[in-house]
$ cat work-v4.cif   # mmCIF, C-alpha atoms
data_structure
loop_
_atom_site.label_atom_id
_atom_site.label_comp_id
_atom_site.auth_asym_id
_atom_site.auth_seq_id
_atom_site.Cartn_x
_atom_site.Cartn_y
_atom_site.Cartn_z
CA MET J 65 -26.03 -26.07 -32.76
CA THR J 66 -27.58 -22.66 -32.73
CA SER J 67 -25.30 -19.67 -32.65
CA LYS J 68 -26.71 -18.70 -29.21
CA LYS J 69 -25.72 -22.07 -27.75
CA ALA J 70 -22.29 -21.80 -29.32
CA LEU J 71 -21.80 -18.42 -27.75
CA PHE J 72 -22.58 -19.93 -24.35
CA ILE J 73 -20.49 -23.09 -24.67
CA LEU J 74 -17.39 -21.62 -26.31
CA PRO J 75 -16.32 -19.58 -23.27
CA LEU J 76 -16.69 -22.70 -21.08
CA PHE J 77 -14.22 -24.56 -23.28
CA LEU J 78 -11.84 -21.65 -23.06
CA LEU J 79 -12.22 -21.41 -19.30
CA ALA J 80 -12.04 -25.13 -18.50
CA PRO J 81 -8.25 -25.64 -18.65
CA GLY J 82 -7.73 -22.74 -16.27
CA LEU J 83 -10.20 -24.13 -13.78
CA LEU J 84 -8.84 -27.66 -14.04
CA PHE J 85 -5.39 -26.44 -13.06
CA ALA J 86 -6.64 -23.91 -10.55
CA ASN J 87 -4.90 -25.62 -7.64
CA ASP J 88 -1.57 -25.24 -9.42
CA LYS J 89 -2.13 -21.51 -9.45
CA ILE J 90 -2.37 -21.19 -5.70
CA PRO J 91 1.19 -20.20 -4.81
CA PRO J 92 2.86 -22.01 -1.95
CA PRO J 93 2.01 -20.05 1.22
CA GLU J 94 5.61 -19.00 1.85
CA LYS J 95 5.78 -17.52 -1.67
CA LEU J 96 2.55 -15.52 -1.49
CA GLY J 97 3.49 -11.86 -1.56
CA LEU J 98 7.17 -12.54 -2.12
CA VAL J 99 8.83 -9.55 -3.77
CA VAL J 100 12.40 -9.52 -5.06
CA LEU J 101 13.98 -6.08 -5.06
CA GLY J 102 17.01 -6.21 -7.25
CA ASN J 103 17.36 -3.06 -9.35
CA ASN J 104 19.60 -1.07 -7.05
CA ALA J 105 21.01 -4.01 -5.10
CA ARG J 106 22.68 -5.52 -8.15
CA GLN J 107 24.25 -2.17 -9.02
CA ALA J 108 25.70 -2.06 -5.50
CA GLY J 109 27.10 -5.56 -5.87
CA LEU J 110 24.66 -7.05 -3.40
CA ALA J 111 22.24 -9.93 -3.71
CA PRO J 112 18.65 -8.81 -4.37
CA VAL J 113 16.43 -8.27 -1.35
CA VAL J 114 13.86 -10.98 -0.77
CA PHE J 115 10.92 -9.26 0.87
CA ASP J 116 8.29 -11.46 2.43
CA HIS J 117 4.92 -9.84 2.94
CA TRP J 118 3.96 -12.55 5.45
CA LEU J 119 6.71 -11.48 7.81
CA HIS J 120 5.80 -7.80 7.77
CA ARG J 121 2.03 -8.03 7.62
CA ALA J 122 2.09 -10.05 10.82
CA THR J 123 3.31 -6.86 12.44
CA PHE J 124 2.12 -3.85 10.43
CA THR J 125 -0.98 -2.87 8.49
CA CYS J 126 -0.81 -2.55 4.71
CA ARG J 127 -1.75 1.12 5.10
CA LEU J 128 1.22 1.96 7.30
CA CYS J 129 3.74 0.86 4.68
CA HIS J 130 1.89 1.71 1.48
CA ILE J 131 0.59 5.11 2.53
CA ASP J 132 2.53 6.50 5.47
CA ILE J 133 5.97 5.17 4.58
CA GLY J 134 5.37 5.47 0.85
CA PHE J 135 6.08 2.04 -0.61
CA ALA J 136 4.48 1.93 -4.07
CA MET J 137 2.04 -0.86 -4.84
CA GLN J 138 3.81 -1.61 -8.13
CA ALA J 139 7.17 -3.35 -8.28
CA GLY J 140 10.12 -1.12 -9.07
CA GLU J 141 8.34 2.20 -8.53
CA THR J 142 9.52 3.08 -5.03
CA GLY J 143 13.22 3.55 -5.72
CA ILE J 144 14.54 2.19 -2.45
CA ARG J 145 18.24 2.85 -1.90
CA ALA J 146 20.55 2.19 1.04
CA SER J 147 21.24 5.92 1.33
CA LEU J 148 17.52 6.63 1.69
CA ASN J 149 17.04 3.82 4.21
CA SER J 150 19.84 5.24 6.32
CA GLN J 151 18.09 8.64 6.31
CA GLY J 152 14.99 7.02 7.80
CA TYR J 153 12.95 6.53 4.65
CA TYR J 154 11.35 3.34 3.35
CA CYS J 155 12.89 0.28 5.11
CA GLY J 156 14.83 2.69 7.33
CA ALA J 157 11.59 4.08 8.76
CA CYS J 158 11.65 1.02 11.05
CA HIS J 159 15.02 -0.61 10.37
CA ASP J 160 17.12 2.03 12.12
CA GLY J 161 18.76 -0.08 14.82
CA GLU J 162 16.88 1.89 17.49
CA LYS J 163 13.16 1.26 17.19
CA ARG J 164 11.92 -1.60 19.28
CA PHE J 165 9.17 -4.07 18.55
CA GLY J 166 8.08 -7.09 20.55
CA GLY J 167 10.84 -6.53 23.09
CA LYS J 168 13.56 -6.54 20.42
CA THR J 169 15.47 -3.79 18.67
CA ILE J 170 14.72 -3.75 14.96
CA PHE J 171 18.01 -4.25 13.13
CA ALA J 172 19.33 -1.38 11.05
CA ALA J 173 19.22 -1.40 7.27
CA CYS J 174 22.70 -1.86 5.82
CA GLU J 175 24.98 1.06 5.04
CA GLU J 176 25.73 2.35 1.57
CA GLU J 177 29.10 0.56 1.55
CA GLY J 178 27.12 -2.65 1.51
CA GLU J 179 28.31 -6.12 2.26
CA SER J 180 31.89 -5.30 3.06
CA SER J 181 30.91 -3.00 5.93
CA ALA J 182 28.06 -4.90 7.46
CA GLY J 183 28.44 -8.46 6.21
CA LYS J 184 25.95 -10.73 7.86
CA GLN J 185 23.55 -7.88 8.63
CA CYS J 186 23.10 -7.15 4.91
CA ASN J 187 22.32 -10.79 4.23
CA ARG J 188 19.26 -10.64 6.42
CA CYS J 189 17.47 -8.80 3.62
CA HIS J 190 19.82 -9.18 0.64
CA SER J 191 19.18 -12.87 0.86
CA GLN J 192 18.41 -14.19 -2.60
CA GLY J 193 20.45 -17.35 -2.94
CA LYS J 194 21.50 -17.15 0.71
CA GLU J 195 18.45 -18.62 2.36
CA ASP J 196 20.56 -19.90 5.28
CA ALA J 197 21.33 -16.29 6.26
CA ARG J 198 17.71 -15.55 7.05
CA GLU J 199 16.84 -15.54 10.71
CA ILE J 200 13.07 -15.82 10.56
CA ARG J 201 11.52 -18.54 8.46
CA PHE J 202 7.96 -18.91 7.28
CA GLN J 203 7.28 -21.75 9.67
CA ASP J 204 8.46 -19.63 12.63
CA VAL J 205 5.60 -17.21 11.95
CA ALA J 206 3.01 -19.39 10.27
CA GLY J 207 3.39 -22.27 12.69
CA LYS J 208 1.56 -20.27 15.35
CA LEU J 209 -1.20 -18.99 13.08
CA PRO J 210 -4.40 -20.51 11.66
CA ARG J 211 -4.37 -21.70 8.07
CA THR J 212 -6.87 -21.57 5.26
CA THR J 213 -7.35 -23.46 1.97
CA GLY J 214 -4.01 -23.89 0.22
CA ASN J 215 -2.30 -23.84 3.62
CA SER J 216 -2.01 -20.04 3.50
CA ILE J 217 -2.17 -18.06 6.71
CA ASP J 218 -5.71 -17.07 7.63
CA TRP J 219 -4.87 -13.49 8.60
CA GLU J 220 -8.47 -12.58 9.25
CA LYS J 221 -8.84 -15.33 11.83
CA ALA J 222 -5.38 -14.67 13.22
CA GLU J 223 -6.36 -11.09 13.96
CA ALA J 224 -9.81 -12.06 15.26
CA ASP J 225 -8.15 -14.54 17.64
CA GLY J 226 -5.71 -11.88 18.83
CA LEU J 227 -2.71 -13.75 17.45
CA VAL J 228 -1.60 -10.77 15.36
CA LYS J 229 -2.13 -7.11 16.18
CA PRO J 230 -0.83 -5.14 13.21
CA VAL J 231 0.57 -1.73 14.14
CA ASP J 232 -1.02 1.15 12.22
CA PHE J 233 0.91 4.15 13.53
CA LEU J 234 4.58 4.94 13.38
CA GLU J 235 5.74 7.87 15.47
CA GLY J 236 7.36 10.56 13.38
CA VAL J 237 6.01 9.10 10.15
CA SER J 238 2.25 8.59 10.42
CA GLN J 239 -0.07 11.52 10.87
CA LYS J 240 -2.65 11.48 13.61
CA ARG J 241 -6.01 10.67 12.12
CA ASP J 242 -9.63 10.81 12.98
CA SER J 243 -10.95 7.41 13.98
CA LEU J 244 -11.96 5.20 11.08
CA GLN J 245 -15.64 5.49 10.19
CA LEU J 246 -16.49 2.14 8.67
CA GLN J 247 -18.79 1.95 5.69
CA ALA J 248 -21.42 -0.76 5.50
CA ASP J 249 -20.70 -4.15 4.00
CA PHE J 250 -22.45 -4.90 0.72
CA SER J 251 -23.07 -7.74 -1.66
CA ILE J 252 -21.98 -7.98 -5.28
CA GLU J 253 -24.21 -10.07 -7.48
CA ALA J 254 -22.39 -12.95 -9.15
CA GLN J 255 -22.81 -13.02 -12.91
CA THR J 256 -23.16 -16.77 -12.98
CA SER J 257 -25.36 -19.44 -11.45
CA TRP J 258 -22.54 -21.63 -10.15
CA ALA J 259 -21.04 -19.09 -7.80
CA SER J 260 -22.85 -17.24 -5.06
CA ASP J 261 -22.87 -13.49 -4.54
CA VAL J 262 -19.81 -11.85 -3.03
CA ILE J 263 -20.19 -10.38 0.42
CA PHE J 264 -17.72 -7.52 0.57
CA SER J 265 -16.67 -6.42 4.03
CA HIS J 266 -15.49 -2.84 4.28
CA LYS J 267 -14.45 -3.54 7.85
CA LYS J 268 -12.02 -6.31 6.95
CA HIS J 269 -10.47 -4.26 4.17
CA ALA J 270 -10.43 -0.77 5.65
CA VAL J 271 -8.94 -1.71 9.01
CA TRP J 272 -5.76 -2.88 7.28
CA ASN J 273 -5.78 -0.69 4.20
CA GLY J 274 -7.42 2.55 5.23
CA CYS J 275 -9.42 4.22 2.49
CA GLU J 276 -6.84 5.69 0.12
CA VAL J 277 -5.22 2.42 -0.92
CA CYS J 278 -8.40 1.40 -2.76
CA HIS J 279 -10.21 4.67 -3.48
CA PRO J 280 -10.11 6.05 -6.06
CA ALA J 281 -7.06 4.34 -7.59
CA ILE J 282 -8.64 0.87 -7.73
CA TYR J 283 -12.30 1.70 -7.26
CA ALA J 284 -13.16 5.09 -8.65
CA SER J 285 -16.88 4.95 -7.96
CA THR J 286 -19.04 3.43 -5.27
CA LYS J 287 -22.29 3.74 -7.15
CA ALA J 288 -23.74 0.26 -7.48
CA GLY J 289 -23.43 -1.18 -10.97
CA THR J 290 -21.22 1.65 -12.29
CA VAL J 291 -18.32 -0.67 -12.99
CA LYS J 292 -18.59 -4.39 -13.63
CA TYR J 293 -15.60 -6.63 -13.06
CA SER J 294 -15.33 -10.11 -14.48
CA MET J 295 -13.17 -12.80 -12.95
CA PHE J 296 -11.03 -12.62 -16.09
CA GLN J 297 -10.20 -9.00 -15.35
CA ILE J 298 -9.56 -9.85 -11.72
CA TYR J 299 -7.19 -12.69 -12.68
CA GLU J 300 -5.37 -10.17 -14.85
CA GLY J 301 -4.68 -8.04 -11.80
CA GLU J 302 -7.53 -5.54 -11.88
CA SER J 303 -9.93 -4.78 -9.04
CA CYS J 304 -9.61 -7.42 -6.28
CA GLY J 305 -6.70 -8.88 -8.27
CA VAL J 306 -4.50 -5.91 -7.37
CA CYS J 307 -3.91 -7.63 -4.02
CA HIS J 308 -5.59 -11.03 -4.10
CA SER J 309 -3.40 -13.86 -5.37
CA LYS J 310 -0.40 -11.55 -5.18
CA VAL J 311 -0.32 -10.73 -1.48
CA ALA J 312 -3.74 -11.45 -0.06
CA PHE J 313 -5.31 -14.89 -0.23
CA SER J 314 -5.59 -16.61 -3.60
CA LEU J 315 -8.44 -15.92 -6.00
CA PHE J 316 -8.90 -19.66 -6.29
CA ILE J 317 -10.21 -19.90 -2.76
CA CYS J 318 -13.64 -18.99 -4.11
CA ASP J 319 -15.68 -19.30 -0.92
CA LYS J 320 -13.64 -16.67 0.91
CA CYS J 321 -15.50 -14.04 -1.16
CA HIS J 322 -18.43 -15.93 -2.68
CA LYS J 323 -19.72 -16.49 0.81
CA ASN J 324 -23.15 -17.97 0.35
CA LYS J 325 -23.36 -21.55 -0.78
CA VAL J 326 -25.08 -21.98 -4.12
CA GLN J 327 -28.37 -23.83 -3.59
CA MET I 123 37.07 43.77 -14.09
CA PRO I 124 33.90 45.90 -13.87
CA ARG I 125 32.02 45.86 -10.57
CA PRO I 126 28.53 44.39 -10.71
CA SER I 127 25.80 46.95 -10.36
CA ALA I 128 23.81 47.26 -7.12
CA SER I 129 20.63 46.10 -8.82
CA PHE I 130 22.41 43.02 -10.21
CA SER I 131 23.77 42.19 -6.73
CA THR I 132 20.34 42.65 -5.19
CA ALA I 133 18.76 40.43 -7.81
CA LEU I 134 21.44 37.79 -7.23
CA LEU I 135 20.91 37.95 -3.47
CA LEU I 136 17.14 37.56 -3.90
CA PHE I 137 17.67 34.66 -6.28
CA CYS I 138 19.94 32.92 -3.75
CA LEU I 139 17.42 33.54 -0.98
CA LEU I 140 14.68 31.96 -3.08
CA LEU I 141 16.87 28.95 -3.84
CA ARG I 142 18.00 28.30 -0.29
CA PRO I 143 16.63 25.20 1.45
CA LEU I 144 13.62 25.72 3.65
CA PRO I 145 14.67 26.09 7.27
CA LEU I 146 13.65 23.28 9.61
CA PRO I 147 10.75 25.10 11.28
CA ALA I 148 9.22 25.72 7.85
CA VAL I 149 9.45 22.00 7.06
CA GLU I 150 7.85 21.16 10.39
CA GLU I 151 5.13 23.66 9.59
CA LEU I 152 4.49 21.91 6.27
CA LYS I 153 4.28 18.56 8.02
CA ALA I 154 1.88 19.96 10.60
CA GLU I 155 -0.34 21.29 7.82
CA PHE I 156 -0.10 17.94 6.03
CA ASP I 157 -1.15 16.13 9.21
CA ALA I 158 -4.05 18.50 9.76
CA VAL I 159 -5.30 18.24 6.19
CA CYS I 160 -4.78 14.54 5.54
CA GLY I 161 -5.69 13.32 9.02
CA LYS I 162 -9.38 13.39 8.14
CA THR I 163 -9.50 10.81 5.35
CA HIS I 164 -10.89 8.14 7.68
CA ASN I 165 -13.89 10.31 8.38
CA ALA I 166 -14.24 12.07 5.03
CA LEU I 167 -17.56 10.54 4.08
CA ASN I 168 -19.12 12.01 7.22
CA LEU I 169 -17.96 15.54 6.37
CA SER I 170 -20.11 18.02 4.50
CA ALA I 171 -19.36 18.87 0.87
CA ALA I 172 -18.19 22.32 1.98
CA GLU I 173 -15.77 20.81 4.51
CA ILE I 174 -14.38 18.39 1.91
CA ASN I 175 -13.99 21.22 -0.59
CA GLU I 176 -12.07 23.19 1.99
CA LEU I 177 -9.74 20.22 2.59
CA ILE I 178 -9.19 19.85 -1.17
CA GLY I 179 -8.33 23.55 -1.32
CA ARG I 180 -5.80 23.13 1.48
CA CYS I 181 -4.27 20.13 -0.36
CA ASP I 182 -3.91 22.27 -3.49
CA ALA I 183 -2.32 25.06 -1.48
CA LEU I 184 0.11 22.67 0.20
CA LYS I 185 1.32 21.00 -2.99
CA PRO I 186 3.46 23.88 -4.36
CA ARG I 187 4.92 24.43 -0.89
CA LEU I 188 6.01 20.78 -0.71
CA GLU I 189 7.39 21.00 -4.25
CA LYS I 190 9.71 23.74 -3.06
CA LEU I 191 11.50 21.39 -0.65
CA GLY I 192 15.13 21.41 -1.74
CA PRO I 193 17.12 18.54 -3.29
CA GLU I 194 18.51 17.58 0.11
CA ARG I 195 14.92 16.75 1.06
CA GLY I 196 14.09 15.07 -2.23
CA THR I 197 12.81 11.83 -0.76
CA GLU I 198 10.72 13.64 1.82
CA ARG I 199 9.27 15.72 -1.00
CA LYS I 200 8.53 12.61 -3.08
CA VAL I 201 6.92 10.70 -0.20
CA PHE I 202 4.83 13.62 1.04
CA LEU I 203 3.72 14.62 -2.47
CA GLN I 204 2.61 11.05 -3.09
CA ARG I 205 0.77 10.93 0.24
CA LEU I 206 -0.81 14.31 -0.50
CA LYS I 207 -1.90 13.09 -3.94
CA MET I 208 -3.59 10.01 -2.45
CA CYS I 209 -5.21 12.12 0.24
CA ARG I 210 -6.45 14.77 -2.22
CA GLU I 211 -7.76 12.13 -4.61
CA PHE I 212 -9.59 10.43 -1.77
CA TYR I 213 -11.27 13.68 -0.78
CA ALA I 214 -12.32 14.21 -4.41
CA PHE I 215 -13.64 10.64 -4.39
CA ALA I 216 -15.53 11.28 -1.15
CA LEU I 217 -17.06 14.40 -2.65
CA SER I 218 -18.20 12.62 -5.82
CA THR I 219 -19.56 9.75 -3.71
CA LYS I 220 -21.65 12.20 -1.73
CA GLU I 221 -22.91 13.79 -4.92
CA GLU I 222 -23.72 10.38 -6.44
CA ASN I 223 -25.64 9.28 -3.39
CA CYS I 224 -27.36 12.62 -2.70
CA PRO I 225 -27.58 14.41 -6.06
#

$ encode --input "work-v4.cif" --output "structure tokens"
Amino acid sequence: MTSKKALFILPLFLLAPGLLFANDKIPPPEKLGLVVLGNNARQAGLAPVVFDHWLHRATFTCRLCHIDIGFAMQAGETGIRASLNSQGYYCGACHDGEKRFGGKTIFAACEEEGESSAGKQCNRCHSQGKEDAREIRFQDVAGKLPRTTGNSIDWEKAEADGLVKPVDFLEGVSQKRDSLQLQADFSIEAQTSWASDVIFSHKKHAVWNGCEVCHPAIYASTKAGTVKYSMFQIYEGESCGVCHSKVAFSLFICDKCHKNKVQ
Amino acid sequence: MPRPSASFSTALLLFCLLLRPLPLPAVEELKAEFDAVCGKTHNALNLSAAEINELIGRCDALKPRLEKLGPERGTERKVFLQRLKMCREFYAFALSTKEENCP
């Protein structure tokens, strides 16, 4: 075997096990975007908070929480505390016991005294190991929404069908903005013959994320060909992998991005 | 016990005045400036380079004012500084994008 052939075949051998078990890597839909917030909760003698992205993204845009309210994109960096929630920051920006959504009052985040003062109320979020205390289950939300490969919620279709209308402005928190000027969609050439080119939609991404979530922190340049991303880097959490497979749909649903069928 | 001199008392008074928390209207003024400056990110790529530069300048001017928010407004300071950072970086990105596309 020539060294050129070896160079071509070796990566395939390395890649094959990952591809064979790709389906195992698609998290169960109810676990996609699940974040456990335990640093401060444990110190306060409370169970860690189990935060489900699916519950909140049905209602709010990513931008509203990650830009306007200030939740960091990396675990453990926000520093959420009960005292801050009760002052109207972070979870308390909405969970103040006064704001209303969908005809209901949004329950207040628990007080600093924790479980002893609020009991059941605390368990609604501090629910690790107390799944029975949760009032809204995945099926309650997902049961009404379209699904995609891997049984995940197809948020794009859900919004297109008018089944979800994520709120993008929170009075007293968000600043009034100029209307969003959408940039054109573009294609990214696949570096292989077995996958088609990616059609990237600015519209789908910017409507939920705004501009600052991605630029320049994730994508520092828009000049075509300036930065090349391999799927390996993306699986490691770079580029599209910052959100996809963690919160947004799995990277193993190839045809959601590689839109054109390979001939 | 010796009496402090007038200049020492004046200096102490000035120091205390500088350390005092910003009054509420001043905070509201900062927020209004933040809204005005960072409310244009959605349209930044349609602005001229001069307009973007002006916005970046206003971000830079706002930063030290936000940093002066007292400890009782620590979270507000943290959240708004982070939002300002993202907003400023996006304007810088928009500017470099314009330069890349129209050198």

$ resolve_selection --input "work-v4.cif" --expression "the PyMOL selection byres ((chain J) within 12 of (chain I))" --output "number ranges by chain"
J: 127-136, 141-145, 147-154, 157, 236-247, 270-271, 273-288, 290

$ closest_residue --input "work-v4.cif" --among "I:Leu217, I:Gly192, I:Ser129, I:Val149" --to "Asn175 of chain I" --atoms "all atoms listed in the file"
I:Leu217

$ closest_residue --input "work-v4.cif" --among "J:Leu98, J:Cys318, J:Ala139, J:Ala259" --to "Thr213 of chain J" --atoms "all atoms listed in the file"
J:Cys318

$ resolve_selection --input "work-v4.cif" --expression "the PyMOL selection byres ((chain J and resi 254) around 12)" --output "list in words"
Ser251, Ile252, Glu253, Gln255, Thr256, Ser257, Trp258, Ala259, Ser260, Asp261, Val262, Ile263, Gly289, Lys292, Tyr293, Ser294, Met295, Cys318, Cys321, His322, Lys323, Asn324 and Val326 of chain J

$ atom_distance --input "work-v4.cif" --atom1 "atom CA of Ala312 of chain J" --atom2 "atom CA of Trp219 of chain J"
9.0 Å

$ closest_residue --input "work-v4.cif" --among "J:Glu199, J:Glu175, J:Glu162, J:Glu300" --to "Ala146 of chain J" --atoms "all atoms listed in the file"
J:Glu175

$ resolve_selection --input "work-v4.cif" --expression "the PyMOL selection byres ((chain J and resi 309) around 10)" --output "PyMOL selection string"
chain J and resi 89-91+96-97+298-299+301+304-308+310-317

$ atom_distance --input "work-v4.cif" --atom1 "atom CA of Arg201 of chain J" --atom2 "atom CA of Lys320 of chain J"
26.3 Å

$ atom_distance --input "work-v4.cif" --atom1 "atom CA of Val100 of chain J" --atom2 "atom CA of Pro112 of chain J"
6.3 Å

$ closest_residue --input "work-v4.cif" --among "J:Leu101, J:Val114, J:Val291, J:Ala108" --to "Ser191 of chain J" --atoms "all atoms listed in the file"
J:Val114
